[in-house]
Amino acid sequence: MVNSERVLVIGVGRIGAVTAVGLAHLLHDVTGVDTNVQRVEELQAGRLREAEPGLRAALKGALRLRSLRFERAVSPGGYGVTFLCVDTPPLPGGEPDLRQLFAAAEFAARVTARDGVVVTRSTVPPGTGDRLEGALRAAGRHDLAVVHMPEFLREGRAWEDFREPDRVVVGANDAAAGERVARMFSEIPAPVFRTDRVTAELAKYAANALLATTVSFANEMADLANCLGADTDTLFEVLKADRRVGKEAYLGPGLGFGGHCLPKDTAALEYAAATRGVELHQLRATIRVNRERVARAAAWLAEATGGLEGREVALLGLAFKPGTDDLRASPAMALAAELARRGAAVRGFDPLVPGVEGVVCPGTVEATLEGADALVVAHRAEWAREVTPERARGLMRGLVVYDAPGALNHAAWVEAGFLTNRCPLVGVRAGDGVGR
Ligand SMILES: NC(=O)c1ccc[n+]([C@@H]2O[C@H](COP(=O)([O-])OP(=O)(O)OC[C@H]3O[C@@H](n4cnc5c(N)ncnc54)[C@H](O)[C@@H]3O)[C@@H](O)[C@H]2O)c1
């Protein structure tokens with residue numbers, strides 16, 4: 001049985017909005033606040049910028065039932081549980097910038113009810129809960145408990161993942177506070193892990209490091225498979241058929257992991273370990289392999305096109321992965337920048353990204369391919385797979401295709417005269433098989 005709480009969500013960006021809507025659907029009385037006034041007004045009007053299936057309808061439903069509201073300012077005292085969902089972006093050395101988090105905690109200290117709980121939903125380095133507790137005590141709030149509840153949802157499937165996550169982790173050093181927060185989510189059909197706070201903090205980083213490791217492992221295996229002439233698709237299907245691995249594993253080639261979580265969280269974990277004198281060799285290798293992906297793709301394209309200066313490149317897929325509009329740390333965007341740096345003109349298409357700075361977006365696949373010297377496929381998405389070699393030949397000027405995720409039928413493209421990145425470049429003179 002859910003005990004209904006009066007909840008405040010501080011920071012209603014991508015994660016905070018899902019948290020606020022989700023808690024309202026779990027029958028809590030929820031108020032969302034954000035320093036971004038435009039965001040507050042949009043959400044209060046039922047508008048959602050991000051592409052998250054199901055979330056807009058759920059937002060509107062909760063607003064209609066008045067179990068949810070977004071406000072520019074809130075008055076102190078009434079909130080039993082305050083969720084901190086602000087960003088923890090990376091600093092250049094990998095260390096997360098926790099300024100938003102501590103500013104939000106200061107606000108929480110002013111508005112959370114007596115004997116309340118402050119829950120961090122943001123991804124935070126191990127030990128942050130202790131520091132937050134110290135900040136709350138320094139603000140005179142000895143009565144507040146700090147609980148960490150990591151968010152594991154996938155962008156593009158945020159609403160589905162809120163309602164049916166793989167697991168719920170509640171990390172608390174104060175058993176009663178942990179119990180109170182766990183009860184708020186008792187209707188969620190998922191295994192619940194009640195841990196101490198630092199274990200919960202580490203669990204999120206470790207989970208993302210594990211996912212990142214599979215991505216880098218897969219990319220190295222794909223490179224080797226291409227050299228050997230092995231069938232990468234079948235190779236990864238064989239690996240995923242192992243029950244100890246699983247069919248949803250991140251095993252497949254690509255431009256590397258991107259987005260707002262894996263790059264920053266792997267860097268933050270490496271930083272957190274290094275500051276304690278612990279070297280994470282495997283994680284370091286995972287990060288290094290990932291950093292090289294974009295440079296390798298650009299180098300292959302430069303060689304295959306006989307030099308990128310003055311070339312036109314069509315890029316299909318701009319967001320950090322298919323099914324989202326999020327461009328943060330997108331490998332496709334990093335490749336676009338690298339190609340531009342090498343003198344190429346890049347045109348891009350992504351059905352969820354209407355436009356983006358630095359890349360011309362003509363709005364259709366056809367217009368993007370028109371006159372291109374090379375095609376880059378960044379996403380393994382249905383719409384990208386619909387591009388046939390016949391269609392591309394009719395539109396493009398050149399015959400080069402870099403299919404990062406192995407989305408296309410390689411044999412059909414080779415048959416049609418294209419040079420693809422599954423073909424070894426050994427023996428191919430710069431410019432061979434490129435122009436017509
Ligand atoms: N995006 C994901 O898929 C994902 C998944 C799991 C965890 N996380 C973690 O969740 C956290 C938030 O990520 P996000 O993608 O939602 O970021 P975001 O930038 O979309 O949202 C953060 C929001 O906090 C607001 N904000 C900043 N300081 C504030 C303050 N003092 N008071 C009120 N509002 C404030 C910002 O205006 C913004 O709207 C990060 O720690 C991230 O690592 C993200």
# chains A, B, ... in the order shown; residues from 1 in each chain; ligands from 1
>>> residues_around(residues="Asp29 in chain A", least_positions_apart="6", cutoff="8 Å", atoms="only C-alpha atoms", output="list in words")
Ser4, Glu5, Arg6, Val7, Leu23, Ser67 and Leu68 of chain A
>>> residues_near_ligand(ligand="ligand 1", cutoff="6 Å", atoms="only C-alpha atoms and all ligand atoms", output="PyMOL selection string")
chain A and resi 10-16+33-36+85-88+100+103-104+122-123+151-155+260-261
>>> residues_around(residues="range 175-190 of chain A", least_positions_apart="2", cutoff="12 Å", atoms="only C-alpha atoms", output="short mmCIF file (atom, residue, chain, number, x, y, z; two decimals) with N, CA and C atoms, in the first residue's frame")
data_model
loop_
_atom_site.label_atom_id
_atom_site.label_comp_id
_atom_site.auth_asym_id
_atom_site.auth_seq_id
_atom_site.Cartn_x
_atom_site.Cartn_y
_atom_site.Cartn_z
N MET A 1 0.85 -1.20 0.00
CA MET A 1 0.00 0.00 0.00
C MET A 1 0.89 1.25 0.00
N VAL A 2 0.66 2.13 -0.98
CA VAL A 2 1.46 3.36 -1.08
C VAL A 2 1.02 4.34 -0.01
N ASN A 3 2.01 4.91 0.72
CA ASN A 3 1.62 6.01 1.61
C ASN A 3 1.88 7.30 0.84
N SER A 4 0.85 8.08 0.65
CA SER A 4 0.96 9.26 -0.19
C SER A 4 1.78 10.34 0.51
N GLU A 5 2.75 10.88 -0.23
CA GLU A 5 3.65 11.90 0.33
C GLU A 5 3.45 13.21 -0.43
N ARG A 6 3.72 14.29 0.26
CA ARG A 6 3.83 15.59 -0.43
C ARG A 6 5.27 15.72 -0.88
N VAL A 7 5.45 15.80 -2.19
CA VAL A 7 6.79 15.68 -2.76
C VAL A 7 7.18 16.96 -3.49
N THR A 19 10.54 11.81 -13.13
CA THR A 19 10.36 11.52 -11.70
C THR A 19 9.08 12.18 -11.18
N GLY A 22 6.04 10.50 -12.77
CA GLY A 22 5.93 9.13 -12.24
C GLY A 22 5.41 9.12 -10.82
N LEU A 23 5.95 10.00 -9.97
CA LEU A 23 5.50 10.04 -8.57
C LEU A 23 4.04 10.46 -8.47
N ALA A 24 3.62 11.36 -9.36
CA ALA A 24 2.21 11.76 -9.36
C ALA A 24 1.33 10.56 -9.74
N HIS A 25 1.81 9.76 -10.69
CA HIS A 25 1.03 8.57 -11.07
C HIS A 25 1.04 7.51 -9.99
N LEU A 26 2.03 7.59 -9.09
CA LEU A 26 2.04 6.67 -7.94
C LEU A 26 1.23 7.26 -6.77
N LEU A 27 0.43 8.27 -7.09
CA LEU A 27 -0.54 8.87 -6.18
C LEU A 27 0.08 9.76 -5.10
N HIS A 28 1.26 10.29 -5.37
CA HIS A 28 1.81 11.29 -4.47
C HIS A 28 1.40 12.67 -4.97
N ASP A 29 1.48 13.63 -4.09
CA ASP A 29 1.12 15.00 -4.45
C ASP A 29 2.42 15.73 -4.77
N GLY A 80 7.31 16.64 2.48
CA GLY A 80 7.88 15.58 3.30
C GLY A 80 9.11 14.96 2.66
N VAL A 81 9.08 14.85 1.34
CA VAL A 81 10.21 14.22 0.63
C VAL A 81 10.60 15.12 -0.54
N THR A 82 11.86 15.49 -0.60
CA THR A 82 12.35 16.36 -1.67
C THR A 82 13.35 15.59 -2.53
N PHE A 83 13.08 15.53 -3.81
CA PHE A 83 13.98 14.83 -4.74
C PHE A 83 14.89 15.85 -5.43
N ASP A 115 11.59 16.60 9.86
CA ASP A 115 11.80 15.15 9.80
C ASP A 115 11.59 14.59 8.40
N GLY A 116 11.85 15.41 7.40
CA GLY A 116 11.68 14.98 6.02
C GLY A 116 12.90 14.24 5.49
N VAL A 117 12.79 13.88 4.20
CA VAL A 117 13.89 13.14 3.54
C VAL A 117 14.28 13.87 2.27
N VAL A 118 15.58 13.99 2.05
CA VAL A 118 16.09 14.54 0.79
C VAL A 118 16.65 13.35 0.00
N VAL A 119 16.10 13.16 -1.22
CA VAL A 119 16.51 12.00 -2.03
C VAL A 119 17.30 12.50 -3.23
N THR A 120 18.52 12.01 -3.40
CA THR A 120 19.27 12.35 -4.61
C THR A 120 18.92 11.34 -5.70
N ARG A 121 18.43 11.88 -6.82
CA ARG A 121 18.11 11.06 -7.99
C ARG A 121 19.18 11.31 -9.07
N ASP A 143 17.38 17.41 11.31
CA ASP A 143 16.24 16.47 11.27
C ASP A 143 16.10 15.77 9.92
N LEU A 144 16.80 16.25 8.88
CA LEU A 144 16.60 15.69 7.53
C LEU A 144 17.53 14.50 7.27
N ALA A 145 16.99 13.46 6.64
CA ALA A 145 17.81 12.31 6.23
C ALA A 145 18.12 12.44 4.74
N VAL A 146 19.25 11.88 4.32
CA VAL A 146 19.61 11.89 2.90
C VAL A 146 19.62 10.45 2.39
N VAL A 147 18.86 10.23 1.32
CA VAL A 147 18.76 8.89 0.71
C VAL A 147 19.21 9.00 -0.73
N HIS A 148 19.92 8.00 -1.24
CA HIS A 148 20.27 8.02 -2.67
C HIS A 148 19.48 6.95 -3.39
N MET A 149 18.82 7.39 -4.47
CA MET A 149 18.01 6.46 -5.26
C MET A 149 18.40 6.64 -6.72
N GLU A 160 8.42 4.23 -19.91
CA GLU A 160 8.33 2.76 -19.77
C GLU A 160 9.26 2.29 -18.64
N ASP A 161 10.47 2.84 -18.61
CA ASP A 161 11.45 2.41 -17.61
C ASP A 161 11.11 2.91 -16.21
N PHE A 162 10.42 4.05 -16.10
CA PHE A 162 10.01 4.49 -14.77
C PHE A 162 8.98 3.50 -14.21
N ARG A 163 8.04 3.09 -15.07
CA ARG A 163 6.96 2.24 -14.58
C ARG A 163 7.39 0.79 -14.38
N GLU A 164 8.32 0.35 -15.25
CA GLU A 164 8.77 -1.04 -15.15
C GLU A 164 10.28 -1.13 -15.21
N PRO A 165 10.95 -0.64 -14.20
CA PRO A 165 12.42 -0.69 -14.23
C PRO A 165 12.92 -2.11 -13.97
N ASP A 166 14.19 -2.34 -14.28
CA ASP A 166 14.78 -3.65 -13.98
C ASP A 166 14.93 -3.83 -12.48
N ARG A 167 15.19 -2.71 -11.79
CA ARG A 167 15.36 -2.77 -10.34
C ARG A 167 15.17 -1.38 -9.75
N VAL A 168 14.86 -1.40 -8.46
CA VAL A 168 14.77 -0.15 -7.70
C VAL A 168 15.84 -0.24 -6.61
N VAL A 169 16.68 0.77 -6.53
CA VAL A 169 17.74 0.76 -5.52
C VAL A 169 17.51 1.93 -4.56
N VAL A 170 17.42 1.62 -3.29
CA VAL A 170 17.23 2.67 -2.28
C VAL A 170 18.40 2.58 -1.31
N GLY A 171 19.24 3.60 -1.35
CA GLY A 171 20.43 3.59 -0.50
C GLY A 171 20.28 4.56 0.65
N ALA A 172 20.21 4.01 1.88
CA ALA A 172 20.01 4.87 3.04
C ALA A 172 20.84 4.38 4.21
N ASN A 173 21.39 5.31 4.96
CA ASN A 173 22.08 4.93 6.20
C ASN A 173 21.11 4.98 7.38
N VAL A 192 13.50 -4.79 -5.38
CA VAL A 192 13.98 -3.61 -4.65
C VAL A 192 15.25 -3.98 -3.89
N PHE A 193 16.28 -3.19 -4.07
CA PHE A 193 17.52 -3.39 -3.33
C PHE A 193 17.65 -2.29 -2.29
N ARG A 194 17.58 -2.67 -1.04
CA ARG A 194 17.78 -1.71 0.06
C ARG A 194 19.25 -1.80 0.45
N THR A 195 19.98 -0.74 0.26
CA THR A 195 21.41 -0.76 0.54
C THR A 195 21.78 0.42 1.43
N ASP A 196 23.05 0.46 1.82
CA ASP A 196 23.51 1.70 2.45
C ASP A 196 23.74 2.72 1.33
N ARG A 197 24.01 3.95 1.72
CA ARG A 197 24.02 5.02 0.71
C ARG A 197 25.18 4.90 -0.28
N ALA A 200 24.65 2.35 -3.00
CA ALA A 200 23.72 2.82 -4.05
C ALA A 200 24.42 3.81 -4.97
#
>>> atom_distance(atom1="CA of Val365 in chain A", atom2="CA of Gly307 in chain A")
24.1 Å
>>> closest_residue(among="A:Glu279, A:Asp350, A:Asp325, A:Glu338", to="Ala298 in chain A", atoms="only C-alpha atoms")
A:Glu338
>>> atom_distance(atom1="CA of Tyr250 in chain A", atom2="CA of Met221 in chain A")
12.7 Å
>>> select_by_dssp(residues="range 39-198 of chain A", states="alpha helix (DSSP H)", output="PyMOL selection string")
chain A and resi 39-44+55-64+99-111+128-138+158-163+175-184+197-198
>>> atom_distance(atom1="CA of Phe236 in chain A", atom2="CA of Ala297 in chain A")
20.6 Å
>>> closest_residue(among="A:Leu136, A:Ala381, A:Ala344, A:Val238", to="Phe102 in chain A", atoms="only C-alpha atoms")
A:Leu136
>>> residues_around(residues="Leu339 in chain A", least_positions_apart="6", cutoff="9 Å", atoms="only C-alpha atoms", output="MDAnalysis selection string")
chainID A and resid 298 301:302 308:309 313 345:346
>>> closest_residue(among="A:Ala314, A:Val124, A:Val377, A:Val401", to="Pro89 in chain A", atoms="only C-alpha atoms")
A:Val124
